[in-house]
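Content type compact mmCIF, C-alpha atoms and all ligand atoms, from the file model04.txt:
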# COMPACT_ATOMS: atom_id res chain seq x y z
CA MET A 1 -38.86 32.78 -52.86
CA LYS A 2 -41.36 31.69 -50.22
CA ILE A 3 -44.93 32.93 -50.60
CA VAL A 4 -46.72 33.03 -47.26
CA HIS A 5 -50.29 34.01 -46.57
CA THR A 6 -50.44 33.95 -42.77
CA ILE A 7 -48.72 36.00 -40.09
CA ASP A 8 -47.62 32.80 -38.28
CA ASP A 9 -45.91 31.45 -41.43
CA LEU A 10 -44.31 34.82 -42.09
CA ARG A 11 -42.86 35.01 -38.57
CA ALA A 12 -41.63 31.41 -38.82
CA GLN A 13 -39.79 32.24 -42.07
CA LEU A 14 -38.16 35.34 -40.58
CA ARG A 15 -37.23 34.01 -37.13
CA GLY A 16 -33.69 35.02 -36.17
CA GLN A 17 -33.25 37.53 -39.02
CA LEU A 18 -31.46 40.65 -37.83
CA ARG A 19 -31.48 42.97 -40.85
CA THR A 20 -34.77 42.41 -42.65
CA ALA A 21 -35.58 45.03 -45.30
CA PHE A 22 -39.27 45.43 -46.04
CA VAL A 23 -41.20 46.86 -48.99
CA PRO A 24 -44.99 47.05 -48.49
CA THR A 25 -47.04 47.24 -51.70
CA MET A 26 -50.58 46.85 -52.96
CA GLY A 27 -49.38 44.74 -55.90
CA ASN A 28 -49.70 45.21 -59.67
CA LEU A 29 -45.97 45.67 -59.51
CA HIS A 30 -44.05 47.74 -62.04
CA GLU A 31 -40.48 48.94 -62.47
CA GLY A 32 -41.03 51.56 -59.73
CA HIS A 33 -41.69 48.80 -57.20
CA MET A 34 -38.70 46.84 -58.48
CA SER A 35 -36.46 49.82 -57.79
CA LEU A 36 -37.78 49.81 -54.20
CA MET A 37 -36.81 46.12 -53.91
CA ARG A 38 -33.30 46.88 -55.23
CA LEU A 39 -32.88 49.73 -52.76
CA ALA A 40 -34.12 47.48 -49.96
CA ALA A 41 -31.47 44.90 -50.91
CA LYS A 42 -28.78 47.55 -50.46
CA HIS A 43 -29.95 48.24 -46.92
CA GLY A 44 -30.81 44.80 -45.61
CA ASP A 45 -30.97 41.07 -46.12
CA PRO A 46 -33.38 39.33 -46.52
CA VAL A 47 -35.79 41.47 -48.52
CA VAL A 48 -39.46 40.90 -47.71
CA ALA A 49 -42.27 42.29 -49.87
CA SER A 50 -45.95 42.37 -49.06
CA VAL A 51 -48.88 42.54 -51.45
CA PHE A 52 -52.12 43.57 -49.79
CA VAL A 53 -54.84 45.82 -51.19
CA ASN A 54 -55.80 47.61 -48.01
CA ARG A 55 -59.52 48.35 -47.91
CA LEU A 56 -59.02 50.76 -44.96
CA GLN A 57 -57.25 53.36 -47.09
CA PHE A 58 -59.92 53.53 -49.83
CA GLY A 59 -62.84 55.94 -49.60
CA PRO A 60 -66.39 54.68 -50.32
CA ASN A 61 -66.31 56.01 -53.91
CA GLU A 62 -62.74 55.01 -54.70
CA ASP A 63 -61.34 52.15 -56.77
CA PHE A 64 -60.95 49.37 -54.12
CA ASP A 65 -63.02 46.86 -56.11
CA ARG A 66 -61.39 47.53 -59.47
CA TYR A 67 -57.83 47.97 -58.11
CA PRO A 68 -55.72 45.62 -60.27
CA ARG A 69 -54.93 42.33 -58.49
CA THR A 70 -52.15 40.42 -60.25
CA LEU A 71 -50.57 38.24 -57.55
CA ALA A 72 -49.18 35.47 -59.81
CA ASP A 73 -47.42 38.01 -62.01
CA ASP A 74 -46.21 40.00 -59.01
CA ALA A 75 -44.72 36.84 -57.47
CA LYS A 76 -42.75 36.10 -60.67
CA LYS A 77 -41.31 39.60 -60.73
CA LEU A 78 -40.34 39.50 -57.05
CA GLU A 79 -38.74 36.09 -57.40
CA ALA A 80 -36.67 37.32 -60.35
CA GLU A 81 -35.55 40.26 -58.20
CA GLY A 82 -34.25 37.95 -55.46
CA VAL A 83 -36.91 38.75 -52.86
CA TYR A 84 -36.79 36.18 -50.04
CA VAL A 85 -40.37 36.19 -48.79
CA LEU A 86 -43.59 37.50 -50.30
CA PHE A 87 -46.27 38.08 -47.67
CA ALA A 88 -49.68 38.03 -49.37
CA PRO A 89 -52.36 37.91 -46.68
CA ASP A 90 -56.07 37.98 -47.42
CA GLU A 91 -58.44 40.37 -45.68
CA ARG A 92 -59.40 37.84 -43.00
CA GLU A 93 -55.75 37.47 -42.05
CA MET A 94 -55.10 41.20 -41.76
CA TYR A 95 -58.51 42.16 -40.39
CA PRO A 96 -59.97 39.07 -38.66
CA VAL A 97 -62.20 41.40 -36.66
CA PRO A 98 -63.22 44.96 -37.61
CA GLN A 99 -60.15 47.17 -37.15
CA GLU A 100 -61.41 49.43 -34.37
CA PHE A 101 -58.00 50.59 -33.14
CA ARG A 102 -56.50 52.88 -35.74
CA VAL A 103 -53.49 55.16 -36.06
CA ALA A 104 -54.51 58.83 -36.40
CA PRO A 105 -51.79 61.00 -37.95
CA PRO A 106 -51.70 64.62 -36.72
CA GLY A 107 -54.15 66.78 -38.65
CA ASP A 108 -51.54 69.28 -39.84
CA LEU A 109 -49.85 66.47 -41.75
CA GLY A 110 -52.59 63.89 -42.32
CA ASP A 111 -55.58 66.09 -43.18
CA ILE A 112 -53.92 68.34 -45.79
CA LEU A 113 -53.36 67.75 -49.53
CA GLU A 114 -54.06 64.02 -50.11
CA GLY A 115 -55.67 63.74 -46.67
CA HIS A 116 -58.02 66.62 -47.46
CA PHE A 117 -59.19 65.12 -50.74
CA ARG A 118 -59.14 61.52 -49.48
CA PRO A 119 -60.48 61.73 -45.91
CA GLY A 120 -59.28 58.80 -43.80
CA PHE A 121 -56.60 57.82 -46.32
CA PHE A 122 -53.63 58.32 -44.01
CA VAL A 123 -55.43 56.69 -41.09
CA GLY A 124 -55.87 53.63 -43.31
CA VAL A 125 -52.28 53.71 -44.55
CA SER A 126 -50.73 54.27 -41.10
CA THR A 127 -52.85 51.54 -39.53
CA VAL A 128 -51.95 48.89 -42.10
CA VAL A 129 -48.29 49.88 -42.19
CA LEU A 130 -48.04 49.64 -38.39
CA LYS A 131 -49.69 46.21 -38.54
CA LEU A 132 -47.39 45.07 -41.35
CA PHE A 133 -44.37 46.32 -39.40
CA HIS A 134 -45.51 44.21 -36.43
CA CYS A 135 -45.84 41.18 -38.70
CA VAL A 136 -42.46 41.57 -40.45
CA SER A 137 -40.40 43.28 -37.68
CA PRO A 138 -38.15 44.93 -40.26
CA GLN A 139 -34.98 46.84 -39.43
CA VAL A 140 -35.48 48.99 -42.54
CA ALA A 141 -38.48 49.72 -44.77
CA VAL A 142 -38.48 51.44 -48.15
CA PHE A 143 -41.16 53.93 -49.30
CA GLY A 144 -41.21 55.80 -52.62
CA LYS A 145 -41.04 59.58 -52.86
CA LYS A 146 -43.81 59.39 -55.46
CA ASP A 147 -46.14 59.23 -52.45
CA TYR A 148 -44.33 62.13 -50.80
CA GLN A 149 -46.86 62.82 -48.07
CA GLN A 150 -47.25 59.11 -47.28
CA LEU A 151 -43.48 58.87 -46.80
CA MET A 152 -43.61 61.78 -44.35
CA VAL A 153 -46.55 60.33 -42.43
CA ILE A 154 -44.81 56.96 -42.08
CA ARG A 155 -41.54 58.59 -41.05
CA ARG A 156 -43.25 60.60 -38.35
CA MET A 157 -45.22 57.60 -37.18
CA ALA A 158 -42.01 55.55 -36.90
CA GLN A 159 -40.36 58.38 -34.98
CA GLN A 160 -43.21 59.11 -32.60
CA PHE A 161 -43.95 55.44 -31.82
CA SER A 162 -40.19 54.75 -31.43
CA LEU A 163 -40.44 51.96 -33.99
CA PRO A 164 -37.15 50.08 -34.50
CA THR A 165 -37.52 50.47 -38.27
CA GLU A 166 -35.46 52.91 -40.31
CA ILE A 167 -37.51 54.46 -43.12
CA ILE A 168 -35.59 54.74 -46.40
CA PRO A 169 -36.91 57.04 -49.16
CA ALA A 170 -36.66 55.94 -52.80
CA GLU A 171 -36.60 58.24 -55.85
CA THR A 172 -39.59 58.21 -58.19
CA VAL A 173 -39.17 56.07 -61.29
CA ARG A 174 -40.52 57.64 -64.49
CA ALA A 175 -41.36 56.46 -67.99
CA GLU A 176 -39.16 57.96 -70.74
CA ASP A 177 -41.69 60.75 -71.28
CA GLY A 178 -41.59 61.69 -67.58
CA LEU A 179 -44.82 60.09 -66.35
CA ALA A 180 -44.29 58.73 -62.82
CA LEU A 181 -44.85 54.97 -62.80
CA SER A 182 -48.01 54.04 -60.91
CA SER A 183 -50.28 51.02 -60.70
CA ARG A 184 -53.15 53.33 -61.64
CA ASN A 185 -51.58 54.23 -65.02
CA VAL A 186 -53.25 51.09 -66.42
CA TYR A 187 -56.60 52.91 -66.16
CA LEU A 188 -55.49 55.58 -68.70
CA SER A 189 -56.86 55.43 -72.26
CA GLU A 190 -54.36 55.87 -75.10
CA VAL A 191 -55.22 59.55 -75.47
CA GLU A 192 -54.99 60.13 -71.71
CA ARG A 193 -51.65 58.31 -71.60
CA GLY A 194 -50.40 60.79 -74.20
CA GLU A 195 -51.51 63.73 -72.05
CA ALA A 196 -50.42 62.33 -68.68
CA PRO A 197 -46.70 63.38 -68.81
CA ASN A 198 -47.82 67.02 -68.90
CA LEU A 199 -48.44 66.86 -65.17
CA TYR A 200 -44.72 66.29 -64.58
CA ARG A 201 -43.80 68.91 -67.22
CA LEU A 202 -45.88 71.44 -65.31
CA LEU A 203 -44.11 70.53 -62.08
CA GLN A 204 -40.77 70.98 -63.84
CA GLU A 205 -41.91 74.35 -65.14
CA THR A 206 -43.01 75.34 -61.62
CA GLN A 207 -39.60 74.30 -60.31
CA SER A 208 -37.81 76.42 -62.95
CA ILE A 209 -39.98 79.48 -62.26
CA ILE A 210 -39.31 79.30 -58.54
CA ARG A 211 -35.59 78.78 -59.05
CA GLU A 212 -35.44 81.74 -61.45
CA THR A 213 -37.68 84.18 -59.59
CA ASN A 214 -36.84 83.33 -55.95
CA PRO A 215 -40.21 84.46 -54.57
CA SER A 216 -40.00 86.17 -51.20
CA GLU A 217 -43.72 86.61 -50.46
CA PRO A 218 -46.33 83.87 -49.94
CA GLU A 219 -48.64 85.78 -52.31
CA GLU A 220 -46.21 85.16 -55.18
CA ILE A 221 -46.34 81.44 -54.43
CA ARG A 222 -50.17 81.49 -54.34
CA ALA A 223 -50.28 83.35 -57.69
CA LEU A 224 -47.92 80.80 -59.26
CA GLU A 225 -50.00 77.87 -57.93
CA GLU A 226 -53.14 79.42 -59.39
CA ALA A 227 -51.52 80.05 -62.77
CA GLN A 228 -50.28 76.45 -62.94
CA LEU A 229 -53.66 75.09 -61.87
CA ARG A 230 -55.34 77.09 -64.65
CA LYS A 231 -52.95 75.53 -67.19
CA LEU A 232 -53.94 72.05 -66.03
CA ILE A 233 -57.63 72.89 -66.29
CA GLU A 234 -57.12 74.33 -69.80
CA ARG A 235 -55.53 71.02 -70.83
CA GLY A 236 -58.63 69.14 -69.68
CA TRP A 237 -57.47 67.98 -66.24
CA ARG A 238 -59.58 68.21 -63.09
CA PRO A 239 -57.01 69.10 -60.45
CA ASP A 240 -57.53 68.56 -56.72
CA TYR A 241 -54.46 70.63 -55.87
CA LEU A 242 -51.14 71.91 -57.09
CA SER A 243 -49.37 73.24 -54.05
CA ILE A 244 -45.89 74.49 -53.21
CA ARG A 245 -44.97 73.50 -49.65
CA LEU A 246 -42.06 73.31 -47.27
CA ARG A 247 -40.28 70.00 -47.67
CA SER A 248 -39.74 69.63 -43.95
CA THR A 249 -43.39 69.89 -42.81
CA LEU A 250 -45.56 70.22 -45.94
CA LYS A 251 -46.85 73.50 -44.50
CA CYS A 252 -47.18 76.61 -46.67
CA ALA A 253 -44.06 78.77 -46.63
CA THR A 254 -44.15 82.03 -44.68
CA ALA A 255 -42.24 85.12 -45.85
CA ASP A 256 -39.53 84.20 -43.32
CA ASP A 257 -39.26 80.69 -44.74
CA LEU A 258 -38.91 82.12 -48.25
CA VAL A 259 -36.25 84.63 -47.19
CA ARG A 260 -34.36 81.82 -45.40
CA ARG A 261 -34.64 79.82 -48.65
CA GLU A 262 -36.19 76.84 -46.86
CA ALA A 263 -36.36 73.84 -49.20
CA LEU A 264 -39.66 73.54 -51.08
CA VAL A 265 -41.55 70.83 -52.92
CA VAL A 266 -44.40 71.14 -55.40
CA LEU A 267 -47.10 68.49 -55.11
CA ALA A 268 -50.07 67.89 -57.39
CA ALA A 269 -53.06 65.61 -57.72
CA ALA A 270 -55.35 65.77 -60.72
CA ARG A 271 -57.84 63.66 -62.59
CA LEU A 272 -57.52 62.80 -66.24
CA GLY A 273 -60.86 61.27 -67.24
CA SER A 274 -61.64 59.01 -64.30
CA THR A 275 -57.99 58.38 -63.34
CA ARG A 276 -56.50 60.35 -60.47
CA LEU A 277 -52.74 60.87 -60.79
CA ILE A 278 -50.39 62.33 -58.19
CA ASP A 279 -46.84 63.56 -58.58
CA ASN A 280 -44.36 65.89 -56.94
CA LEU A 281 -40.98 67.49 -57.48
CA GLU A 282 -38.47 68.87 -54.98
CA ILE A 283 -37.46 72.40 -55.87
O1 LIG B 301 -48.10 52.92 -51.17
C1 LIG B 301 -48.79 51.90 -51.12
O2 LIG B 301 -48.79 51.04 -52.01
C2 LIG B 301 -49.71 51.68 -49.91
O3 LIG B 301 -50.22 52.90 -49.44
C3 LIG B 301 -49.03 50.89 -48.77
C4 LIG B 301 -47.85 51.65 -48.19
C5 LIG B 301 -48.57 49.55 -49.29
C6 LIG B 301 -50.02 50.66 -47.63
O4 LIG B 301 -51.13 49.93 -48.07

In structure tokens, how does this file's structure come out?
Ligand code: PAF
Amino acid sequence: MKIVHTIDDLRAQLRGQLRTAFVPTMGNLHEGHMSLMRLAAKHGDPVVASVFVNRLQFGPNEDFDRYPRTLADDAKKLEAEGVYVLFAPDEREMYPVPQEFRVAPPGDLGDILEGHFRPGFFVGVSTVVLKLFHCVSPQVAVFGKKDYQQLMVIRRMAQQFSLPTEIIPAETVRAEDGLALSSRNVYLSEVERGEAPNLYRLLQETQSIIRETNPSEPEEIRALEEAQLRKLIERGWRPDYLSIRLRSTLKCATADDLVRREALVVLAAARLGSTRLIDNLEI
């Protein structure tokens, strides 16, 4: 595996490649990332991974400084997985001048849920992903469903900017007890790690209730969301949201949508101690 740190070296390595599959990451790689690499290998060759902790997508009080940086370990894992090139730029390479041009996702997708609680997050993500796409020129790129809203934002960006990159979704990888794998799980104390899978259990319970009761009014959905939020709070979580949305747009379902049985997804973000976890489940 070649490790390159500059855009020029990256382009030189990839010259002439016609089916590059790309997996952007922020490093501290775990089995979830490895499953993205494997899926990428099914859709293209060579596989290119990037590791870049993107300052633009972190809010002023978020964990940019303490975000785990483990490049040597990451490189070993990627090499073992058969990745062809690892692109690991530093900040000066990606942002040699202040990034004044930015990609602004539409508010009805980018300013809700994660975007509401992390203002500017999807602007930061879209901007770096567009830049990375220009560096790698991939034919396909893989994004995990764990970051459900991010996947939708990137898909819509690719569509609306007519990018020549097909966006491939990857299923969430979970620990045996159901906790979605995430680089931020390392922040959890032992006690918190024991509690953490209950977020997924609550999503599963929400899924079962909806499947069993087939709600036909938005008020029933709101009441269920509130009941599930209360359960999280009672368990000691500090939730930002637990919300049942249309899969196609992430908007709230109208009575018509519910009667038509439009596909739904439940998404949640909540803090356990100082760690903020997100998860989701299609219904
Ligand atoms: O999902 C992530 O790790 C990041 O948001 C991404 C897509 C690598 C952009 O920095």

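Reported to one decimal place, the separation of CA of Glu190 (chain A) from CA of Glu31 (chain A) is 20.0 Å.
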
Inset, instruction - Please extract the residues at most 7 Å from ligand LIG 301 (chain B), counting only C-alpha atoms and all ligand atoms, and provide them as number ranges by chain, using the chain letters and residue numbers of this document. - result: A: 24-26, 52-54, 125, 128-129, 147

Inset, instruction - Determine, counting all atoms listed in the file, every residue of protein, DNA or RNA that lies within 8 Å of (-57.1, 54.3, -44.2) in the file coordinates, then give the result as a PyMOL selection string. - result: chain A and resi 54-58+120-128

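The smallest atom-to-atom distance between Ala180 (chain A) and any of A:Leu39, A:Leu199, A:Val47, A:Ile112, using only C-alpha atoms, is found for A:Leu199.
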
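Of note, CA of Glu93 (chain A) and CA of Ser162 (chain A) are spaced 25.6 Å apart.
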
Just give me the residues with any atom within 12 Å of (-53.9, 68.1, -41.3), file coordinates, counting only C-alpha atoms, written as a JSON list (two decimals) with C-alpha atoms, in the coordinates of the input.
[["chain", "number", "residue", "atom", "x", "y", "z"],
["A", 104, "ALA", "CA", -54.51, 58.83, -36.40],
["A", 105, "PRO", "CA", -51.79, 61.00, -37.95],
["A", 106, "PRO", "CA", -51.70, 64.62, -36.72],
["A", 107, "GLY", "CA", -54.15, 66.78, -38.65],
["A", 108, "ASP", "CA", -51.54, 69.28, -39.84],
["A", 109, "LEU", "CA", -49.85, 66.47, -41.75],
["A", 110, "GLY", "CA", -52.59, 63.89, -42.32],
["A", 111, "ASP", "CA", -55.58, 66.09, -43.18],
["A", 112, "ILE", "CA", -53.92, 68.34, -45.79],
["A", 113, "LEU", "CA", -53.36, 67.75, -49.53],
["A", 114, "GLU", "CA", -54.06, 64.02, -50.11],
["A", 115, "GLY", "CA", -55.67, 63.74, -46.67],
["A", 116, "HIS", "CA", -58.02, 66.62, -47.46],
["A", 117, "PHE", "CA", -59.19, 65.12, -50.74],
["A", 118, "ARG", "CA", -59.14, 61.52, -49.48],
["A", 119, "PRO", "CA", -60.48, 61.73, -45.91],
["A", 120, "GLY", "CA", -59.28, 58.80, -43.80],
["A", 121, "PHE", "CA", -56.60, 57.82, -46.32],
["A", 122, "PHE", "CA", -53.63, 58.32, -44.01],
["A", 123, "VAL", "CA", -55.43, 56.69, -41.09],
["A", 149, "GLN", "CA", -46.86, 62.82, -48.07],
["A", 153, "VAL", "CA", -46.55, 60.33, -42.43],
["A", 249, "THR", "CA", -43.39, 69.89, -42.81],
["A", 250, "LEU", "CA", -45.56, 70.22, -45.94],
["A", 251, "LYS", "CA", -46.85, 73.50, -44.50]]

Inset, instruction - Mind giving me the straight-line distance from CA of Asp45 (chain A) to CA of Met1 (chain A) in Å, one decimal? - result: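 A separation of 13.3 Å between them.
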
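Using all atoms listed in the file, the shortest contact distance between Val136 (chain A) and any of A:Asn28, A:Thr165, A:Thr213, A:Gln204 is found at A:Thr165.
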
Legend entry - Test item: residues at most 10 Å from Pro218 (chain A), all atoms listed in the file, excluding those fewer than 6 positions along its chain, as a PyMOL selection string: chain A and resi 224+244+252-258

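In terms of minimum interatomic distance to Glu195 (chain A), A:Leu277 ranks closest within A:Cys135, A:Ala227, A:Ile221, A:Leu277, counting all atoms listed in the file.
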
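Closest approach to Val265 (chain A) from the set A:Leu10, A:Ala158, A:Ala88, A:Ile283 is made by A:Ile283, with distances taken over only C-alpha atoms.
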
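Minimum atom-to-atom distances from A:Ser137, A:Ile209, A:Thr275, A:Arg156 to Glu192 (chain A) were compared using only C-alpha atoms, and the lowest value belongs to A:Thr275.
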
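Proximity of A:His33, A:Gly59, A:Phe133, A:Glu217 to Arg11 (chain A), computed with all atoms listed in the file, is greatest for A:Phe133.
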
Inset, instruction - Just the residues within 10 Å of Gly32 (chain A), please, counting all atoms listed in the file, with nothing from its chain fewer than 6 positions along; format it as a list in words. - result: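 Answer for this query is Gly144, Lys146, Ala170, Glu171, Thr172, Val173, Arg174, Ala175, Ala180, Leu181, Ser182 and Ser183 of chain A.
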
Take the residues that were just selected and, keeping C-alpha atoms, output them as a compact mmCIF listing (two decimals), in the coordinates of the input.
# COMPACT_ATOMS: atom_id res chain seq x y z
CA GLY A 144 -41.21 55.80 -52.62
CA LYS A 146 -43.81 59.39 -55.46
CA ALA A 170 -36.66 55.94 -52.80
CA GLU A 171 -36.60 58.24 -55.85
CA THR A 172 -39.59 58.21 -58.19
CA VAL A 173 -39.17 56.07 -61.29
CA ARG A 174 -40.52 57.64 -64.49
CA ALA A 175 -41.36 56.46 -67.99
CA ALA A 180 -44.29 58.73 -62.82
CA LEU A 181 -44.85 54.97 -62.80
CA SER A 182 -48.01 54.04 -60.91
CA SER A 183 -50.28 51.02 -60.70
